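Here the structure comes first, spelled out in structure tokens, and everything after it is commentary.
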Amino acid sequence: TVRQDAIKTIATTHHDLSRIDFRTTHIKDLFGVNVFGEDEQRQRLPKPVFKALQKTIKLGVPLDPTVADAVASAMKDWAIEHGATHYTHLFQPLTGLTAEKHDSFVNPSGTGGGLAEFSGKELIQGEPDASSFPSGGIRATFEARGYTAWDPTSPAYIRENPNGATLVIPTAFVSWTGEALDKKTPLLRSMEALSTQAIRILKLFGHDNVKKVFTTVGPEQEYFLIDKNFLYARPDLITSGRTLFGAKPPKGQELEDQYFGTIPERVLACMADCEAEMFKLGIPVKTRHNEVAPSQYEIAPIFEDSNLACDHNQLTMDVMRRTAEKYGLVCLLHEKPFAGINGSGKHNNFSMATDSGENLLNPGTNPHDNAQFLVFCVAVIRAVAKYPELLRVTVASAGNDHRLGANEAPPAIMSIFLGDQLQDVMDQLEAGALKSTKQGGHMEVGVTVLPKLPRDAGDRNRTSPFAFTGNKFEFRAVGSWFSIAGPNTVLNTIVAESLDYIATQLETAIKGGKPLNKAIQDLLQGIIKESKKVVFNGDGYTDEWHAEAEKRGLPNLKNAVDAFPIIIRKDSIELFAKYKVFSERELNSRYMIFSESYVKTITIEANTMLAMAKTMILPAALKYQTEVAQAVTSTKAAGVENTAQLDLLKELTATITGFQAATSALCKAVHHHAEGDAYAHAKYARDAVVPKMVDLRTLGDKLETIVSDELWPLPTYREMLFIK
Ligand code: ADP
Ligand code: MG
């Protein structure tokens with residue numbers, strides 16, 4: 001079988017694990033070499049051009065078009081020196097992936113090939129044929145054009161390939177009517193909204209010199225690496241990135257011997273190669289380790305501003321997938337590639353920082369700074385308490401449905417973990433300056449020094465979807481395959497709304513003659529009272545929490561389909577319009593695209609299951625059934641009574657019959673043409689198709705435990721997860 005071939009190949013293949021040697025190539029010589037970054041710009045651009053560009057990059061000042069030609073020309077020279085033959089405007093369509101079309105730098109002329117001009121215009125704007133990207137109804141076919149617009153805040157870079165290189169220019173992707181067709185545009189808009197509101201708050205604290213506030217993100221990325229040969233034998237991994245069949249292996253993660261364990265050599269070599277690639281691209285990758293499940297790992301960078309972090313995370317996933325191939329591995333980024341063991345997420349560490357790098361969620365060492373910290377921290381708490389459903393919908397997908405709430409990932413109920421110390425501070429604030437809490441604390445804004453807040457990596461915060469971890473919040477519900485643009489766009493917007501509210505209240509109180517600290521104290525007291533229902537410091541995996549959350553009235557949107565409509569609810573439309581992040585049309589388009597993509601995912605999975613059931617599992621089961629039947633007959637002919645054999649035949653036959661019935665039922669469900677719009681189809685897929693997939697899988701997995709191993713065509717969990 002293909003399966004046996006796969007194992008034989010793995011056992012006999014030798015991999016070159018010494019492609020990267022950091023003893024001869026030091027990482028400090030690698031970092032950023034393929035990036036047209038600040039140093040390169042300084043060296044290559046005339047001083048006024050460099051200054052104008054930096055102003056755009058650092059402060060978001062619109063770029064003077066006259067400067068663009070000079071930038072383009074320098075960029076082209078630099079790229080060609082690095083072996084580039086083509087350039088591309090890279091964008092992030094609503095598929096959540098990246099898209100690109102390459103244009104050559106060479107311009108054939110009458111006298112032979114000449115180097116093309118790469119003008120400022122070509123740098124600033126591109127026009128890919130965008131008609132086959134999802135637009136959710138924004139683009140009618142007659143206006144099926146969108147254009148890409150250079151994002152100077154994310155540096156251009158060189159991507160090497162075996163034959164040369166491509167200059168990659170990060171861009172936003174918009175329709176001619178100005179609507180965002182991508183994930184980057186709303187993210188940039190949301191960062192702008194947050195910056196405006198945060199600056200109002202900072203002014204109240206006397207920080208008049210801050211020109212911009214950035215949101216910062218450090219995404220920890222989980223993934224699986226398995227041998228590539230298994231992929232060839234698993235149609236489900238090829239088409240849907242996850243196993244649709246597969247019985248529970250005798251050994252899973254119960255021995256807890258994987259987390260932080262020694263990294264296998266081939267995997268380590270692959271990681272080193274990924275890191276070298278990422279260093280060259282200026283991605284500040286920092287940590288690597290084994291994750292909880294067998295063959296599961298994590299990579300984490302140092303945080304950057306959200307836009308850059310998002311671009312870099314897309315690149316990280318791309319580099320990992322491509323590098324894995326060099327080592328005969330496949331990088332699985334699906335949220336749940338294997339049932340019964342942990343899935344993969346992306347922990348989105350979030351904070352806000354001024355243009356001089358001050359982290360606004362860093363508790364201060366003096367009372368004045370503390371007051372500022374408390375304002376920003378409470379703003380985030382208020383945002384999550386007010387918009388938990390919006391946060392939930394940013395992590396909704398068919399893939400993440402297998403993870404959220406499945407007792408190993410944070411539950412689908414959005415709540416915040418604060419930890420004991422910060423909780424005590426909040427209790428004191430809520431109780432008011434003059435009352436003390438049960439711990440005997442007494443908190444006066446602007447007077448009290450905060451207790452030291454530990455960077456709690458404790459067990460309980462691991463079960464929380466949104467945890468305060470000392471100087472940042474960690475949003476842990478994001479799926480491993482997601483672009484982090486969506487979650488951060490929403491996070492930024494809801495926090496901007498909170499900061500707006502707080503700034504307005506404080507400004508009014510101060511105008512009325514209240515001292516700042518008193519105004520803060522009074523305001524925060526009220527906000528904490530209103531918002532504390534979302535705070536939960538216990539174990540989020542327990543049934544008690546689900547019951548308690550229900551009592552508190554916290555929403556529990558159990559699956560993606562339940563969550564999608566939130567983005568077109570009246571209050572959501574108003575919120576995003578107010579901060580100019582999404583128009584109603586843009587939200588509607590996302591609602592359509594989420595629904596469509598859910599249906600497509602389920603349909604592809606169902607059809608893959610049917611193919612596997614009919615052409616792989618059933619034939620193996622029938623063959624075995626025949627073998628057993630023959631054994632029964634010949635034993636009987638020999639005059640021996642064997643009830644065990646007969647029982648096996650009966651069990652096998654019953655399971656096969658059930659399996660065939662389940663196959664027909666799924667086939668019927670998936671081929672039924674449901675009425676209505678994309679959302680109605682999504683509901684149908686969830687209610688009518690998914691349960692039939694579960695039924696079919698249960699019986700398929702049962703057959704795996706009965707049918708002769710010799711005949712079984714699919715690599716098993718035991719093999720895929722443990723043969724390295
Ligand atoms: P752990 O979560 O394992 O305790 P760390 O707290 O050091 O590890 O960092 C986890 C991630 O959070 C890293 O990607 C790190 O860069 C990021 N991070 C740290 N500080 C911030 C911040 N101010 N804003 C955003 N992300 C941050
Ligand atoms: Mg962490």
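By order of appearance in the structure tokens: chains A, B, ..., then residues from 1 within every chain, and ligands from 1 in the order shown.
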
Please report as a tab-separated table every residue of chain A lying within 7 Å of ligand 2, along with the nearest atom pair and their distance in Å (one decimal), using only C-alpha atoms and all ligand atoms.
```
residue	atom	partner	partner_atom_place_in_ligand_line	distance
A:Glu220	CA	ligand 2	1 (Mg)	6.9
A:His347	CA	ligand 2	1 (Mg)	6.5
A:Glu474	CA	ligand 2	1 (Mg)	6.8
```

Test item, helix (DSSP H, G or I) assignment across segment 299-334 of chain A, answer as a list in words: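 Result set for segment 299-334 of chain A (helix (DSSP H, G or I)): Ser306, Asn307, Leu308, Ala309, Cys310, Asp311, His312, Asn313, Gln314, Leu315, Thr316, Met317, Asp318, Val319, Met320, Arg321, Arg322, Thr323, Ala324, Glu325 and Lys326 of chain A.
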
At a cut-off of 10 Å and counting only C-alpha atoms and all ligand atoms, what residues surround ligand 1? Please answer as a PyMOL selection string. chain A and resi 214-221+284-287+299-306+309+347-353+357-362+455-458+462+469-474

Find the distance between atom CA of Lys336 of chain A and atom CA of His402 of chain A and write it in Å to one decimal. 6.2 Å

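If you look at atom CA of Ile527 of chain A and atom CA of Leu404 of chain A, they are 28.5 Å away from each other.
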
Counting only C-alpha atoms, which residues of segment 14-83 of chain A fall within 12 Å of segment 185-207 of chain A, and what is the closest atom pair for each with its distance in Å at one decimal, ordered by chain and rising number, as JSON lines?
```
{"residue": "A:Leu59", "atom": "CA", "partner": "A:Glu192", "partner_atom": "CA", "distance": 10.4}
{"residue": "A:Gly60", "atom": "CA", "partner": "A:Glu192", "partner_atom": "CA", "distance": 8.8}
{"residue": "A:Val61", "atom": "CA", "partner": "A:Glu192", "partner_atom": "CA", "distance": 11.6}
```

Export of prior selection with N, CA and C atoms as a PDB file, in the first residue's frame:
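The result, written out as part_21.pdb:
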```pdb
ATOM      1  N   LEU A  59       5.529  58.409  11.293  1.00  0.00           N
ATOM      2  CA  LEU A  59       4.419  59.223  11.788  1.00  0.00           C
ATOM      3  C   LEU A  59       3.169  59.124  10.930  1.00  0.00           C
ATOM      4  N   GLY A  60       3.260  58.368   9.851  1.00  0.00           N
ATOM      5  CA  GLY A  60       2.075  58.196   9.017  1.00  0.00           C
ATOM      6  C   GLY A  60       1.740  59.424   8.185  1.00  0.00           C
ATOM      7  N   VAL A  61       2.691  60.347   8.038  1.00  0.00           N
ATOM      8  CA  VAL A  61       2.465  61.517   7.181  1.00  0.00           C
ATOM      9  C   VAL A  61       2.381  61.038   5.725  1.00  0.00           C
TER      10      VAL A  61
END
```

Would you list the contacts of segment 388-398 of chain A as a count of residues only, taking every protein, DNA or RNA residue within 8 Å and counting only C-alpha atoms, but skipping same-chain residues closer than 2 positions in sequence? 33

Between A:Ile510, A:Ile341, A:Leu524, A:Ala669, which has the minimum distance to Ala431 of chain A (counting only C-alpha atoms)? A:Leu524

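Look at Gln525 of chain A: the protein and nucleic acid residues within 7 Å of it, using only C-alpha atoms and passing over chain neighbours fewer than 5 places away, are Leu429, Glu430 and Gly432 of chain A.
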
Looking at A:Gly399, A:Gly446, A:Pro155, A:Gly164, which one is nearest to Leu308 of chain A, with distances taken over only C-alpha atoms? A:Pro155

Can you work out which one of A:Leu231, A:Leu333, A:Val425, A:Leu506 has the shortest atom-to-atom distance to Glu298 of chain A, counting only C-alpha atoms?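 Of A:Leu231, A:Leu333, A:Val425, A:Leu506, the one nearest Glu298 of chain A is A:Leu333, counting only C-alpha atoms.
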
Write out as a list in words each polymer residue whose atoms come within 10 Å of Ala509 of chain A, counting only C-alpha atoms; drop sequence neighbours fewer than 4 positions from it.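 Residues near the query, excluding close chain neighbours: Ala503, Thr504, Gln505, Gly513, Lys514, Pro515, Leu516, Lys518, Ala519, Ile520, Asp522 and Leu523 of chain A.
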
Contact residues around Phe230 of chain A with only C-alpha atoms at 9 Å, ignoring same-chain residues under 6 positions, as a PyMOL selection string: chain A and resi 2-3+6-7+237+330+714-715+719-720

Set the distance at 8 Å and use only C-alpha atoms: which residues neighbour Leu721 of chain A once local chain neighbours fewer than 2 positions away are removed? I'd like the list as a list in words. Ile226, Pro294, Ser295, Tyr717, Arg718, Glu719, Ile723 and Lys724 of chain A
